[in-house]
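Data file: run_23.txt. Format and content: compact mmCIF, C-alpha atoms.
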```txt
# COMPACT_ATOMS: atom_id res chain seq x y z
CA MET C 294 27.00 -19.59 25.24
CA HIS C 295 29.23 -19.78 28.30
CA TYR C 296 31.09 -22.76 26.86
CA HIS C 297 31.49 -20.97 23.57
CA ASN C 298 33.06 -17.96 25.30
CA ILE C 299 35.45 -20.15 27.30
CA TYR C 300 36.45 -21.96 24.10
CA ILE C 301 37.21 -18.73 22.27
CA ASN C 302 38.59 -16.63 25.09
CA GLY C 303 40.49 -19.33 27.02
CA ILE C 304 41.67 -22.57 25.44
CA ILE C 305 42.17 -21.54 21.81
CA PRO C 306 44.35 -18.48 22.48
CA GLN C 307 46.53 -20.67 24.72
CA ILE C 308 46.93 -23.25 21.95
CA ILE C 309 47.93 -20.54 19.51
CA TRP C 310 50.42 -19.06 21.98
CA LEU C 311 51.90 -22.50 22.72
CA PHE C 312 52.47 -23.38 19.08
CA THR C 313 54.18 -20.06 18.43
CA GLN C 314 56.86 -20.69 21.09
CA PRO C 315 60.13 -21.88 19.39
CA SER C 316 61.17 -24.05 22.34
CA TYR C 317 57.89 -25.97 22.29
CA TYR C 318 58.01 -26.31 18.49
CA HIS C 319 61.53 -27.85 18.57
CA PHE C 320 60.53 -30.07 21.49
CA LEU C 321 57.69 -31.53 19.45
CA LEU C 322 59.89 -32.00 16.42
CA ASN C 323 62.41 -33.93 18.50
CA GLN C 324 59.63 -36.06 19.99
CA PHE C 325 58.13 -36.84 16.59
CA ASN C 326 61.27 -36.84 14.43
CA HIS C 327 59.94 -39.33 11.94
CA PRO C 328 58.53 -38.64 8.46
CA VAL C 329 55.14 -40.09 9.32
CA CYS C 330 55.06 -38.43 12.70
CA ASN C 331 56.18 -35.19 11.15
CA MET C 332 53.32 -35.41 8.70
CA LYS C 333 50.84 -36.11 11.49
CA PHE C 334 52.27 -33.28 13.55
CA SER C 335 52.01 -30.84 10.64
CA ALA C 336 48.42 -31.87 10.04
CA THR C 337 47.66 -31.50 13.74
CA LEU C 338 49.27 -28.08 13.83
CA LEU C 339 47.33 -26.96 10.74
CA SER C 340 44.05 -28.31 12.10
CA ALA C 341 44.55 -26.57 15.40
CA ALA C 342 45.38 -23.29 13.70
CA LEU C 343 42.36 -23.52 11.40
CA LEU C 344 40.14 -24.48 14.30
CA ALA C 345 41.37 -21.53 16.31
CA THR C 346 40.91 -19.13 13.40
CA SER C 347 37.36 -20.31 12.70
CA ALA C 348 36.47 -20.11 16.39
CA ILE C 349 37.75 -16.54 16.66
CA ALA C 350 35.96 -15.54 13.46
CA ALA C 351 32.68 -17.05 14.61
CA PRO C 352 31.29 -13.97 16.39
CA LEU C 353 31.74 -11.80 13.30
CA THR C 354 30.21 -14.50 11.12
CA GLU C 355 27.26 -14.72 13.46
CA LYS C 356 26.77 -10.95 13.35
CA ARG C 357 26.83 -10.92 9.56
CA ALA C 358 24.40 -13.82 9.44
CA ALA C 359 22.08 -12.10 11.91
CA ARG C 360 22.09 -8.89 9.85
CA LYS C 361 21.43 -10.83 6.66
CA ALA C 362 18.55 -12.66 8.33
CA ALA C 363 17.11 -9.38 9.60
CA ARG C 364 17.27 -7.85 6.14
CA SER C 365 15.73 -10.93 4.53
CA ALA C 366 12.85 -10.55 6.97
CA GLY C 367 12.00 -7.41 5.04
CA ARG C 368 8.93 -8.51 3.13
CA ALA C 369 10.14 -9.59 -0.34
CA GLY C 370 12.46 -6.61 -0.58
CA ARG C 371 9.60 -4.20 0.16
CA ILE C 372 10.93 -0.65 0.39
CA SER C 373 9.62 2.89 0.38
CA ASN C 374 11.71 5.25 -1.69
CA PRO C 375 12.04 9.03 -1.98
CA PRO C 376 9.73 10.56 -4.61
CA TYR C 377 10.78 10.11 -8.22
CA LYS C 378 9.91 12.21 -11.24
CA PRO C 379 7.27 10.41 -13.34
CA GLY C 380 8.71 7.81 -15.67
CA THR C 381 12.28 8.21 -14.37
CA ASN C 382 14.61 7.20 -11.57
CA GLU C 383 15.42 10.87 -10.97
CA LEU C 384 14.59 12.18 -7.53
CA LEU C 385 11.88 14.82 -7.33
CA ALA C 386 13.28 17.76 -5.39
CA LEU C 387 10.47 19.90 -4.05
CA ASN C 388 10.79 23.60 -3.44
CA LYS C 389 9.13 25.37 -0.54
CA THR C 390 5.86 26.24 -2.26
CA SER C 391 2.29 25.03 -1.96
CA HIS C 392 1.81 24.28 -5.64
CA GLU C 393 1.43 20.72 -6.92
CA GLU C 394 4.20 18.42 -8.11
CA TYR C 395 3.98 14.99 -9.74
CA SER C 396 5.81 11.82 -8.80
CA SER C 397 5.70 8.20 -9.94
CA ASN C 398 5.36 6.89 -6.38
CA TRP C 399 4.30 9.58 -3.81
CA ALA C 400 1.00 11.34 -3.26
CA GLY C 401 0.18 13.60 -0.34
CA ALA C 402 1.83 16.57 1.37
CA VAL C 403 5.39 17.46 2.33
CA LEU C 404 6.43 20.25 4.69
CA ILE C 405 9.89 21.67 3.99
CA GLY C 406 11.81 23.39 6.77
CA THR C 407 14.25 22.48 9.54
CA GLY C 408 14.21 20.69 12.84
CA TYR C 409 11.30 18.30 12.22
CA THR C 410 11.51 15.65 14.94
CA SER C 411 8.00 14.18 15.03
CA VAL C 412 5.12 13.57 12.61
CA THR C 413 1.73 12.05 13.34
CA GLY C 414 -1.53 11.42 11.52
CA THR C 415 -4.71 9.35 11.92
CA PHE C 416 -6.57 7.65 9.08
CA THR C 417 -9.29 5.08 8.49
CA VAL C 418 -8.05 1.94 6.74
CA PRO C 419 -9.61 1.74 3.26
CA THR C 420 -10.77 -1.32 1.36
CA PRO C 421 -8.58 -1.46 -1.76
CA LYS C 422 -10.12 -2.30 -5.11
CA LEU C 423 -8.71 -3.54 -8.38
CA PRO C 424 -8.05 -0.67 -10.78
CA THR C 425 -9.74 -0.62 -14.17
CA GLY C 426 -8.34 -3.31 -16.45
CA ALA C 427 -6.56 -5.13 -13.60
CA SER C 428 -5.74 -8.83 -13.63
CA SER C 429 -7.44 -10.90 -10.95
CA LYS C 430 -4.24 -12.99 -10.69
CA GLU C 431 -1.96 -10.08 -9.81
CA GLN C 432 -1.58 -8.27 -6.50
CA TYR C 433 -2.19 -4.50 -6.35
CA CYS C 434 -1.12 -2.41 -3.36
CA ALA C 435 -0.84 1.05 -1.88
CA SER C 436 0.56 2.31 1.42
CA ALA C 437 -0.34 5.15 3.79
CA TRP C 438 2.41 6.45 6.05
CA VAL C 439 3.93 9.39 7.90
CA GLY C 440 7.63 10.19 7.84
CA ILE C 441 10.56 12.48 8.43
CA ASP C 442 12.84 13.39 5.47
CA GLY C 443 13.11 11.75 2.07
CA ASP C 444 12.72 14.73 -0.22
CA THR C 445 15.06 17.71 0.20
CA CYS C 446 17.02 15.30 2.40
CA ASP C 447 17.32 11.95 0.65
CA THR C 448 19.91 10.26 2.87
CA ALA C 449 17.28 8.71 5.12
CA ILE C 450 13.55 8.44 5.85
CA LEU C 451 12.13 7.50 9.24
CA GLN C 452 8.63 6.26 8.48
CA THR C 453 5.81 3.96 9.51
CA GLY C 454 2.49 3.03 8.00
CA VAL C 455 0.07 0.44 6.66
CA ASP C 456 0.06 -1.39 3.33
CA PHE C 457 -3.26 -2.40 1.79
CA CYS C 458 -3.28 -4.95 -1.01
CA ILE C 459 -5.79 -6.83 -3.13
CA GLU C 460 -5.43 -9.90 -5.31
CA GLY C 461 -8.62 -11.14 -6.94
CA SER C 462 -11.13 -10.79 -4.11
CA THR C 463 -8.57 -11.24 -1.32
CA VAL C 464 -7.59 -8.14 0.66
CA SER C 465 -4.64 -8.00 3.07
CA TYR C 466 -3.06 -5.42 5.37
CA ASP C 467 0.41 -5.06 6.88
CA ALA C 468 1.68 -2.57 9.46
CA TRP C 469 5.37 -1.75 9.02
CA TYR C 470 8.28 0.51 9.97
CA GLU C 471 11.34 1.57 8.00
CA TRP C 472 14.53 3.58 8.24
CA TYR C 473 15.36 4.09 4.58
CA PRO C 474 17.61 3.07 2.83
CA ASP C 475 17.06 -0.19 4.72
CA TYR C 476 14.02 -2.28 3.86
CA ALA C 477 10.62 -2.07 5.54
CA TYR C 478 9.86 -4.60 8.28
CA ASP C 479 6.45 -5.78 9.38
CA PHE C 480 5.23 -5.23 12.91
CA SER C 481 4.08 -8.33 14.75
CA GLY C 482 1.38 -8.41 17.39
CA ILE C 483 -1.08 -6.12 15.62
CA THR C 484 -3.93 -6.83 13.22
CA ILE C 485 -5.37 -4.38 10.72
CA SER C 486 -8.82 -4.53 9.12
CA ALA C 487 -10.81 -2.33 6.78
CA GLY C 488 -12.49 0.46 8.71
CA ASP C 489 -9.99 0.44 11.59
CA VAL C 490 -8.83 3.86 12.76
CA ILE C 491 -5.03 3.97 12.79
CA THR C 492 -2.71 6.57 14.31
CA THR C 493 0.83 6.59 12.95
CA THR C 494 3.69 8.47 14.60
CA VAL C 495 7.42 8.75 14.02
CA THR C 496 9.76 10.55 16.42
CA ALA C 497 13.45 11.25 15.94
CA SER C 498 15.46 11.46 19.15
CA SER C 499 18.60 12.16 17.10
CA THR C 500 19.63 11.94 13.45
CA THR C 501 20.33 8.21 13.89
CA ALA C 502 17.76 7.12 16.48
CA GLY C 503 14.02 7.31 17.06
CA THR C 504 10.74 5.43 17.27
CA ALA C 505 7.96 4.29 14.96
CA VAL C 506 4.54 3.75 16.54
CA ILE C 507 1.31 2.39 15.10
CA GLU C 508 -1.82 2.45 17.24
CA ASN C 509 -4.99 0.69 16.18
CA VAL C 510 -7.44 3.01 17.90
CA THR C 511 -10.32 0.68 17.05
CA THR C 512 -8.84 -2.37 18.77
CA GLY C 513 -6.78 -0.53 21.38
CA LYS C 514 -3.57 -2.27 20.29
CA SER C 515 -0.32 -0.33 19.84
CA VAL C 516 3.12 -1.44 18.61
CA THR C 517 6.46 0.39 18.71
CA HIS C 518 9.83 -0.10 17.11
CA THR C 519 12.85 1.72 18.54
CA PHE C 520 15.86 2.53 16.39
CA THR C 521 18.90 2.87 18.65
CA GLY C 522 21.54 3.82 16.08
CA GLY C 523 23.50 1.77 13.58
CA VAL C 524 21.12 2.84 10.80
CA ASP C 525 22.16 3.11 7.16
CA GLY C 526 21.59 6.84 6.73
CA ASP C 527 21.39 10.00 8.85
CA LEU C 528 18.29 12.18 9.04
CA CYS C 529 18.49 15.89 8.20
CA GLU C 530 15.08 16.70 9.80
CA TYR C 531 14.20 18.90 6.80
CA ASN C 532 10.89 17.24 5.80
CA ALA C 533 7.64 16.15 7.44
CA GLU C 534 5.23 14.20 5.26
CA TRP C 535 1.87 12.44 5.05
CA ILE C 536 1.97 10.11 2.06
CA VAL C 537 0.09 7.48 0.10
CA GLU C 538 2.72 5.58 -1.86
CA ASP C 539 3.09 3.09 -4.65
CA PHE C 540 5.96 1.30 -2.93
CA GLU C 541 8.67 -0.83 -4.45
CA SER C 542 9.20 -4.57 -4.18
CA ASP C 543 12.12 -6.43 -5.74
CA ASP C 544 13.39 -3.25 -7.40
CA GLU C 545 10.17 -2.23 -9.14
CA LEU C 546 6.96 -0.45 -8.27
CA VAL C 547 4.12 -2.77 -7.33
CA PRO C 548 0.91 -2.50 -9.38
CA PHE C 549 -0.99 0.39 -7.79
CA ALA C 550 -4.31 -0.36 -6.08
CA ASN C 551 -7.44 1.78 -6.16
CA PHE C 552 -7.40 2.73 -2.48
CA GLY C 553 -10.40 5.08 -2.60
CA THR C 554 -9.62 7.95 -0.22
CA VAL C 555 -7.18 8.24 2.66
CA THR C 556 -7.48 11.27 4.94
CA PHE C 557 -4.82 11.92 7.55
CA SER C 558 -6.66 13.80 10.31
CA ASP C 559 -5.04 15.41 13.34
CA ALA C 560 -1.99 15.78 11.08
CA THR C 561 0.78 17.52 12.99
CA ALA C 562 4.54 17.83 12.88
CA LYS C 563 6.87 19.05 15.60
CA SER C 564 9.70 21.45 14.80
CA GLY C 565 11.62 22.35 17.91
CA SER C 566 9.00 23.10 20.55
CA THR C 567 6.40 24.15 17.97
CA SER C 568 3.64 21.93 16.55
CA VAL C 569 2.56 22.73 13.00
CA GLY C 570 -0.12 21.44 10.66
CA PRO C 571 0.19 20.61 6.96
CA SER C 572 -1.27 23.89 5.73
CA GLY C 573 1.14 25.39 3.22
CA ALA C 574 2.81 22.04 2.47
CA THR C 575 3.82 21.15 -1.08
CA LEU C 576 1.31 18.77 -2.65
CA ILE C 577 2.40 15.71 -4.62
CA ASP C 578 0.32 13.43 -6.82
CA ILE C 579 1.15 10.19 -8.59
CA GLU C 580 1.55 10.15 -12.35
CA GLN C 581 2.36 6.91 -14.16
CA SER C 582 2.54 6.37 -17.93
CA LYS C 583 1.38 9.99 -18.36
CA VAL C 584 -1.81 9.29 -16.41
CA ILE C 585 -2.53 11.12 -13.12
CA LEU C 586 -3.77 8.57 -10.57
CA THR C 587 -4.34 10.64 -7.42
CA SER C 588 -5.62 13.98 -6.20
CA SER C 589 -4.26 15.50 -2.97
CA SER C 590 -5.37 18.42 -0.81
CA VAL C 591 -4.59 19.88 2.62
CA SER C 592 -6.25 21.85 5.34
CA SER C 593 -4.82 23.24 8.57
CA THR C 594 -5.16 19.84 10.26
CA SER C 595 -5.55 17.23 7.54
CA VAL C 596 -4.16 15.75 4.32
CA THR C 597 -6.50 13.99 1.89
CA VAL C 598 -5.39 11.72 -0.96
CA THR C 599 -7.93 10.26 -3.39
CA TYR C 600 -7.50 7.71 -6.16
CA VAL C 601 -8.97 9.13 -9.38
```
I need this file expressed as structure tokens, please.
Amino acid sequence: MHYHNIYINGIIPQIIWLFTQPSYYHFLLNQFNHPVCNMKFSATLLSAALLATSAIAAPLTEKRAARKAARSAGRAGRISNPPYKPGTNELLALNKTSHEEYSSNWAGAVLIGTGYTSVTGTFTVPTPKLPTGASSKEQYCASAWVGIDGDTCDTAILQTGVDFCIEGSTVSYDAWYEWYPDYAYDFSGITISAGDVITTTVTASSTTAGTAVIENVTTGKSVTHTFTGGVDGDLCEYNAEWIVEDFESDDELVPFANFGTVTFSDATAKSGSTSVGPSGATLIDIEQSKVILTSSSVSSTSVTVTYV
């Protein structure tokens, strides 16, 4: 790295400066005033210029490559989206009521207000099952997560949660974090199993920074991702949510798993200095192909979503 910096910041700029000086240019022409030598000199000059240009461009190229690699680390383009109206790509805009709405991808509860900076909830990891008529050769998934924004503010979602998938008789789990509209990224250093008690928490320190934390209460392991800015969208802090989602992979919803029941207990959101529960939140349930797949309910401290 030190050699690379010396190469870019020291030698190459001097070469460029030298070749741009008229006196040095004419001196070289006089020294190599022969057709063959002229050709060699021109080639040397061009090579040096190209070398200098590529060396100077290298840091930007490296940054682009690093960002591309980071994005590709997002599991097969896995992304959580805002809620859509059933059978459409039209965003579902909730109003501030407690009645039920239907979405093609979200089930659970959404608080609508201002100044939401933290959301937390604890749930027991379910064992997903194949839905009726499912293929044993296809993977079916669902995801439980908590988040800030994504409904009445659709520019960003700060969220974290756990995916549960089944293919044939094989069940798998992934813990992840996401700042939508970027992809979701898997946490490393934590394992999830059926029956584990998981606490999920997101906290916004500003509209472009915050943390996503997943704690496996059963194993005592906790992982954190810190967003320090440079995100793709700004939060509005208008929404706090506890959601079971049929997430998207490679631009389409994954086949939805029968997840049984997920209950977010100790469900709280922080607005300013006040902690609030989900009571009075708008309920959402998933409807696909005109079939309702979930049933959601809330209490003062919990959100329950059941596959039906």
Which region 517-583 of chain C residues have any atom within 9 Å of an atom of region 438-445 of chain C, and for each, what is the nearest pair of atoms with distance in Å to one decimal, counting all atoms listed in the file, rows sorted by chain and number, as CSV?
```
residue,atom,partner,partner_atom,distance
C:Leu528,CA,C:Asp442,CA,6.6
C:Cys529,CA,C:Asp442,CA,6.8
C:Glu530,CA,C:Asp442,CA,5.9
C:Tyr531,CA,C:Asp442,CA,5.8
C:Asn532,CA,C:Asp442,CA,4.3
C:Ala533,CA,C:Ile441,CA,4.8
C:Glu534,CA,C:Gly440,CA,5.3
C:Trp535,CA,C:Val439,CA,4.7
C:Ile536,CA,C:Trp438,CA,5.4
C:Val537,CA,C:Trp438,CA,6.5
C:Glu538,CA,C:Trp438,CA,8.0
```
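Note that the spacing between CA of Trp469 (chain C) and CA of Tyr395 (chain C) amounts to 25.2 Å.
Ranking C:Thr521, C:Ser411, C:Ser462, C:Ser590 by their shortest atom-to-atom distance to Thr493 (chain C), with only C-alpha atoms included, puts C:Ser411 first.
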In Å, rounded to a single decimal, give me how far CA of Ser515 (chain C) is from CA of Ala502 (chain C).
-> 19.8 Å
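Near (15.2, -0.7, 18.1), the residues that fall inside 12 Å on the basis of all atoms listed in the file are Tyr470, Glu471, Trp472, Tyr478, Thr501, Ala502, Gly503, Thr504, Ala505, Val506, Thr517, His518, Thr519, Phe520, Thr521, Gly522, Gly523 and Val524 of chain C.
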Generate the output file for the selected residues, C-alpha atoms, as a PDB file, in the frame of the given file.
```pdb
ATOM      1  CA  TYR C 470       8.280   0.510   9.970  1.00  0.00           C
ATOM      2  CA  GLU C 471      11.340   1.570   8.000  1.00  0.00           C
ATOM      3  CA  TRP C 472      14.530   3.580   8.240  1.00  0.00           C
ATOM      4  CA  TYR C 478       9.860  -4.600   8.280  1.00  0.00           C
ATOM      5  CA  THR C 501      20.330   8.210  13.890  1.00  0.00           C
ATOM      6  CA  ALA C 502      17.760   7.120  16.480  1.00  0.00           C
ATOM      7  CA  GLY C 503      14.020   7.310  17.060  1.00  0.00           C
ATOM      8  CA  THR C 504      10.740   5.430  17.270  1.00  0.00           C
ATOM      9  CA  ALA C 505       7.960   4.290  14.960  1.00  0.00           C
ATOM     10  CA  VAL C 506       4.540   3.750  16.540  1.00  0.00           C
ATOM     11  CA  THR C 517       6.460   0.390  18.710  1.00  0.00           C
ATOM     12  CA  HIS C 518       9.830  -0.100  17.110  1.00  0.00           C
ATOM     13  CA  THR C 519      12.850   1.720  18.540  1.00  0.00           C
ATOM     14  CA  PHE C 520      15.860   2.530  16.390  1.00  0.00           C
ATOM     15  CA  THR C 521      18.900   2.870  18.650  1.00  0.00           C
ATOM     16  CA  GLY C 522      21.540   3.820  16.080  1.00  0.00           C
ATOM     17  CA  GLY C 523      23.500   1.770  13.580  1.00  0.00           C
ATOM     18  CA  VAL C 524      21.120   2.840  10.800  1.00  0.00           C
TER      19      VAL C 524
END
```
Would you work out the distance separating CA of Cys446 (chain C) from CA of Trp399 (chain C), expressed in Å to one decimal?
-> 15.3 Å
Between C:Leu451, C:Asp525, C:Ala402, C:Ile372, which is the closest to Val591 (chain C) once you count all atoms listed in the file?
-> C:Ala402
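In this comparison, which uses all atoms listed in the file, the residue of C:Ile577, C:Ile507, C:Cys458, C:Val495 approaching Gln432 (chain C) most closely is C:Cys458.
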Could you pull out every residue with an atom within 8 Å of (-7.0, 13.5, -7.1), file coordinates, counting only C-alpha atoms, and send them as a list in words?
-> Asp578, Ile585, Leu586, Thr587, Ser588, Ser589, Val598, Thr599, Tyr600 and Val601 of chain C
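Residue nearest Ala487 (chain C) within the list C:Phe549, C:Tyr377, C:Phe540, C:Phe416: C:Phe416 [criterion: smallest interatomic distance, all atoms listed in the file].
With only C-alpha atoms as the atoms that count, the residue of C:Gly482, C:Gly488, C:Gly553, C:Pro375 with the shortest distance to Glu541 (chain C) is C:Pro375.
Restricting the calculation to only C-alpha atoms, the smallest distance between Ala477 (chain C) and any of C:Gln452, C:Asp489, C:Thr415, C:Glu580 is found for C:Gln452.
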Work out where the centre of an axis-aligned box around every listed atom of region 481-489 of chain C lies and how long its edges are once 5 Å is added on each side; give both in Å to one decimal as lines of an AutoDock Vina configuration file.
```
center_x = -4.2
center_y = -4.0
center_z = 12.1
size_x = 26.6
size_y = 18.9
size_z = 20.6
```
